[in-house]
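Dropping protein_38.tsv in here (TSV, C-alpha atoms):
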chain	number	residue	atom	x	y	z
A	1	MET	CA	-50.20	-18.19	1.75
A	2	PRO	CA	-46.92	-19.61	0.41
A	3	THR	CA	-44.32	-17.07	-0.63
A	4	LEU	CA	-44.64	-16.27	-4.32
A	5	TRP	CA	-42.45	-14.10	-6.51
A	6	ALA	CA	-43.52	-11.67	-9.22
A	7	ARG	CA	-41.98	-9.52	-11.93
A	8	LEU	CA	-43.33	-7.27	-14.66
A	9	ARG	CA	-44.61	-8.95	-17.79
A	10	GLU	CA	-45.28	-5.60	-19.48
A	11	ASP	CA	-42.89	-2.79	-20.35
A	12	VAL	CA	-44.47	-0.11	-18.17
A	13	ASP	CA	-43.14	2.59	-15.85
A	14	CYS	CA	-44.59	1.75	-12.44
A	15	GLY	CA	-41.65	1.91	-10.03
A	16	LEU	CA	-40.50	-1.71	-10.52
A	17	ARG	CA	-37.27	-2.73	-12.21
A	18	ARG	CA	-37.81	-4.65	-15.42
A	19	GLY	CA	-36.57	-8.20	-14.95
A	20	ALA	CA	-36.38	-7.94	-11.14
A	21	TRP	CA	-38.31	-10.36	-8.91
A	22	TYR	CA	-40.30	-9.09	-5.94
A	23	GLN	CA	-41.80	-11.04	-3.04
A	24	THR	CA	-45.59	-11.11	-2.93
A	25	VAL	CA	-47.36	-10.05	0.26
A	26	ALA	CA	-50.93	-10.78	-0.82
A	27	ARG	CA	-52.74	-11.95	-3.92
A	28	GLY	CA	-56.32	-11.22	-4.88
A	29	TRP	CA	-58.38	-12.06	-7.95
A	30	THR	CA	-57.20	-9.03	-9.89
A	31	GLU	CA	-54.33	-7.48	-7.91
A	32	VAL	CA	-51.12	-8.53	-6.22
A	33	VAL	CA	-49.42	-6.70	-3.36
A	34	LEU	CA	-45.62	-6.76	-3.60
A	35	ASP	CA	-42.87	-5.91	-1.13
A	36	VAL	CA	-40.84	-3.30	-3.02
A	37	HIS	CA	-37.86	-2.32	-0.88
A	38	GLY	CA	-39.89	-2.53	2.33
A	39	GLN	CA	-42.97	-0.79	0.97
A	40	ARG	CA	-46.17	-2.44	-0.22
A	41	ARG	CA	-47.19	-1.83	-3.82
A	42	SER	CA	-50.42	-3.07	-5.39
A	43	LEU	CA	-50.33	-3.94	-9.08
A	44	PRO	CA	-52.76	-5.57	-11.50
A	45	LEU	CA	-52.30	-9.34	-11.65
A	46	ARG	CA	-52.44	-9.23	-15.47
A	47	SER	CA	-49.26	-7.12	-15.61
A	48	LEU	CA	-47.18	-9.58	-13.54
A	49	GLU	CA	-45.49	-12.93	-14.08
A	50	ILE	CA	-45.82	-15.11	-10.95
A	51	ALA	CA	-43.37	-17.84	-9.84
A	52	ALA	CA	-43.64	-20.30	-6.93
A	53	THR	CA	-39.91	-19.99	-6.17
A	54	ARG	CA	-37.52	-17.13	-6.69
A	55	PRO	CA	-35.68	-17.81	-9.95
A	56	ASN	CA	-31.90	-18.18	-9.71
A	57	HIS	CA	-30.75	-16.98	-13.12
A	58	TRP	CA	-29.97	-13.60	-14.63
A	59	THR	CA	-32.75	-12.01	-16.66
A	60	ILE	CA	-31.73	-10.36	-19.91
A	61	VAL	CA	-33.84	-7.27	-20.52
A	62	ALA	CA	-33.62	-6.78	-24.27
A	63	ARG	CA	-34.78	-3.20	-24.22
A	64	ALA	CA	-36.53	-0.88	-21.80
A	65	ARG	CA	-38.51	1.95	-23.29
A	66	ASN	CA	-39.43	5.19	-21.51
A	67	SER	CA	-37.04	4.63	-18.62
A	68	ALA	CA	-35.17	7.72	-17.53
A	69	VAL	CA	-32.84	5.88	-15.13
A	70	ILE	CA	-31.28	3.50	-17.68
A	71	PRO	CA	-28.07	4.88	-19.21
A	72	GLU	CA	-28.22	5.36	-22.99
A	73	ARG	CA	-25.38	2.86	-23.54
A	74	TRP	CA	-27.68	0.20	-22.04
A	75	SER	CA	-30.53	0.88	-24.46
A	76	ARG	CA	-29.81	-2.36	-26.35
A	77	GLY	CA	-30.16	-4.48	-23.21
A	78	TYR	CA	-28.75	-5.37	-19.82
A	79	ALA	CA	-28.79	-8.17	-17.23
A	80	VAL	CA	-30.71	-8.15	-13.92
A	81	CYS	CA	-29.38	-10.15	-10.95
A	82	PRO	CA	-31.90	-12.63	-9.53
A	83	CYS	CA	-30.66	-12.04	-5.97
A	84	CYS	CA	-30.30	-8.29	-5.54
A	85	SER	CA	-31.81	-6.88	-8.79
A	86	TYR	CA	-28.54	-5.13	-9.65
A	87	ARG	CA	-28.31	-4.20	-13.34
A	88	GLN	CA	-25.16	-4.63	-15.37
A	89	LEU	CA	-23.95	-5.12	-18.91
A	90	PRO	CA	-22.76	-8.65	-19.67
A	91	MET	CA	-19.52	-8.70	-21.63
A	92	GLY	CA	-20.12	-10.95	-24.63
A	93	ARG	CA	-22.58	-13.77	-24.05
A	94	PRO	CA	-21.43	-15.54	-20.84
A	95	GLY	CA	-23.14	-18.66	-19.53
A	96	ARG	CA	-22.59	-17.50	-15.94
A	97	LEU	CA	-22.16	-14.02	-14.56
A	98	ARG	CA	-20.86	-12.63	-11.24
A	99	CYS	CA	-22.95	-9.78	-9.88
A	100	ASP	CA	-21.09	-6.53	-9.21
A	101	GLY	CA	-23.72	-5.75	-6.53
A	102	CYS	CA	-23.97	-8.86	-4.34
A	103	HIS	CA	-21.00	-10.81	-5.82
A	104	ASP	CA	-23.01	-14.02	-6.25
A	105	VAL	CA	-22.68	-16.03	-9.47
A	106	PHE	CA	-25.71	-17.21	-11.45
A	107	ASP	CA	-26.47	-18.74	-14.85
A	108	VAL	CA	-27.69	-16.31	-17.51
A	109	ALA	CA	-31.12	-17.05	-19.01
A	110	TRP	CA	-30.28	-16.27	-22.65
A	111	ASP	CA	-32.86	-18.86	-23.75
A	112	GLN	CA	-35.72	-17.23	-21.81
A	113	PRO	CA	-36.79	-14.05	-23.62
A	114	TYR	CA	-38.09	-11.32	-21.34
A	115	LEU	CA	-40.45	-8.67	-22.72
A	116	ARG	CA	-39.52	-9.96	-26.19
A	117	ALA	CA	-42.87	-9.11	-27.77
A	118	VAL	CA	-42.57	-5.48	-26.65
A	119	ALA	CA	-38.93	-5.19	-27.72
A	120	ASP	CA	-39.63	-6.72	-31.16
A	121	SER	CA	-42.52	-4.36	-31.85
A	122	ASN	CA	-40.43	-1.19	-31.32
Please lay out the structure from this file as structure tokens.
Amino acid sequence: MPTLWARLREDVDCGLRRGAWYQTVARGWTEVVLDVHGQRRSLPLRSLEIAATRPNHWTIVARARNSAVIPERWSRGYAVCPCCSYRQLPMGRPGRLRCDGCHDVFDVAWDQPYLRAVADSN
């Protein structure tokens, strides 16, 4: 099986970071097994977005609901690094952003809404 990448397409608390990409280990008809920090996690296929290659741009998470680990000052949104899944606040609206976690620089995907339907309904 070729390596595929997956991230949440629903705003749910299931142990995955919103906006972060995870390597797939196996894919069935209804479930996908992901490598989450060295441990295998099985999730419903319908709750994941699948990509053939790991994306190389920052994801902007407009809003995460019901997440106890996100600081209150980030409640309006934050950026997720495509390489290491580090979360940080972008200052302004930069086209490129250097990650404070892995120090790599990537374009920011402002034009690709993530979890927009959930954020707009709240």
Exercise for review: Using all atoms listed in the file, determine which residues lie at most 9 Å from A:Tyr22, disregarding the query and same-chain residues fewer than 6 positions distant; provide the list as a PyMOL selection string.
Suggested key: chain A and resi 4-7+16+34-37+54
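For the pair atom CA of A:Val108 and atom CA of A:Pro94, the separation is 7.1 Å.
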Check your understanding: Any idea what the distance is between atom CA of A:Cys102 and atom CA of A:Val12?
Key -> 26.2 Å
Point to revise | Long-range neighbours of A:Arg18 as a PyMOL selection string, 8 Å cut-off, all atoms listed in the file, 6 positions minimum in chain | key: chain A and resi 7-8+11+61+64
Exercise for review: For each of A:Ala109, A:Leu43, A:Met91, A:Cys83, take the minimum atom-to-atom distance to A:Trp21, counting all atoms listed in the file, then give the residue where this is smallest.
Suggested key: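 Going through A:Ala109, A:Leu43, A:Met91, A:Cys83 one by one, the smallest distance to A:Trp21 is for A:Cys83.
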**Study point:** Among listed residues A:Leu89, A:Leu45, A:Ala52, A:Cys99, nearest A:Trp74 (using all atoms listed in the file)
**Key:**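 Smallest separation from A:Trp74 among the options: A:Leu89.
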Review point. Just how far from atom CA of A:Arg40 is atom CA of A:Asp104, in Å to one decimal?
Key: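 Atom-to-atom, atom CA of A:Asp104 and atom CA of A:Arg40 are spaced 26.6 Å apart.
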Practice item. Using all atoms listed in the file, determine which residues lie at most 9 Å from A:Pro82, disregarding the query and same-chain residues fewer than 2 positions distant; provide the list as a ChimeraX atom specification. Key: /A:19-21,54-59,80,84-86,106
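Counting all atoms listed in the file, the residue from A:Thr3, A:Glu31, A:Ala79, A:Pro113 that sits nearest to A:Thr53 is A:Thr3.
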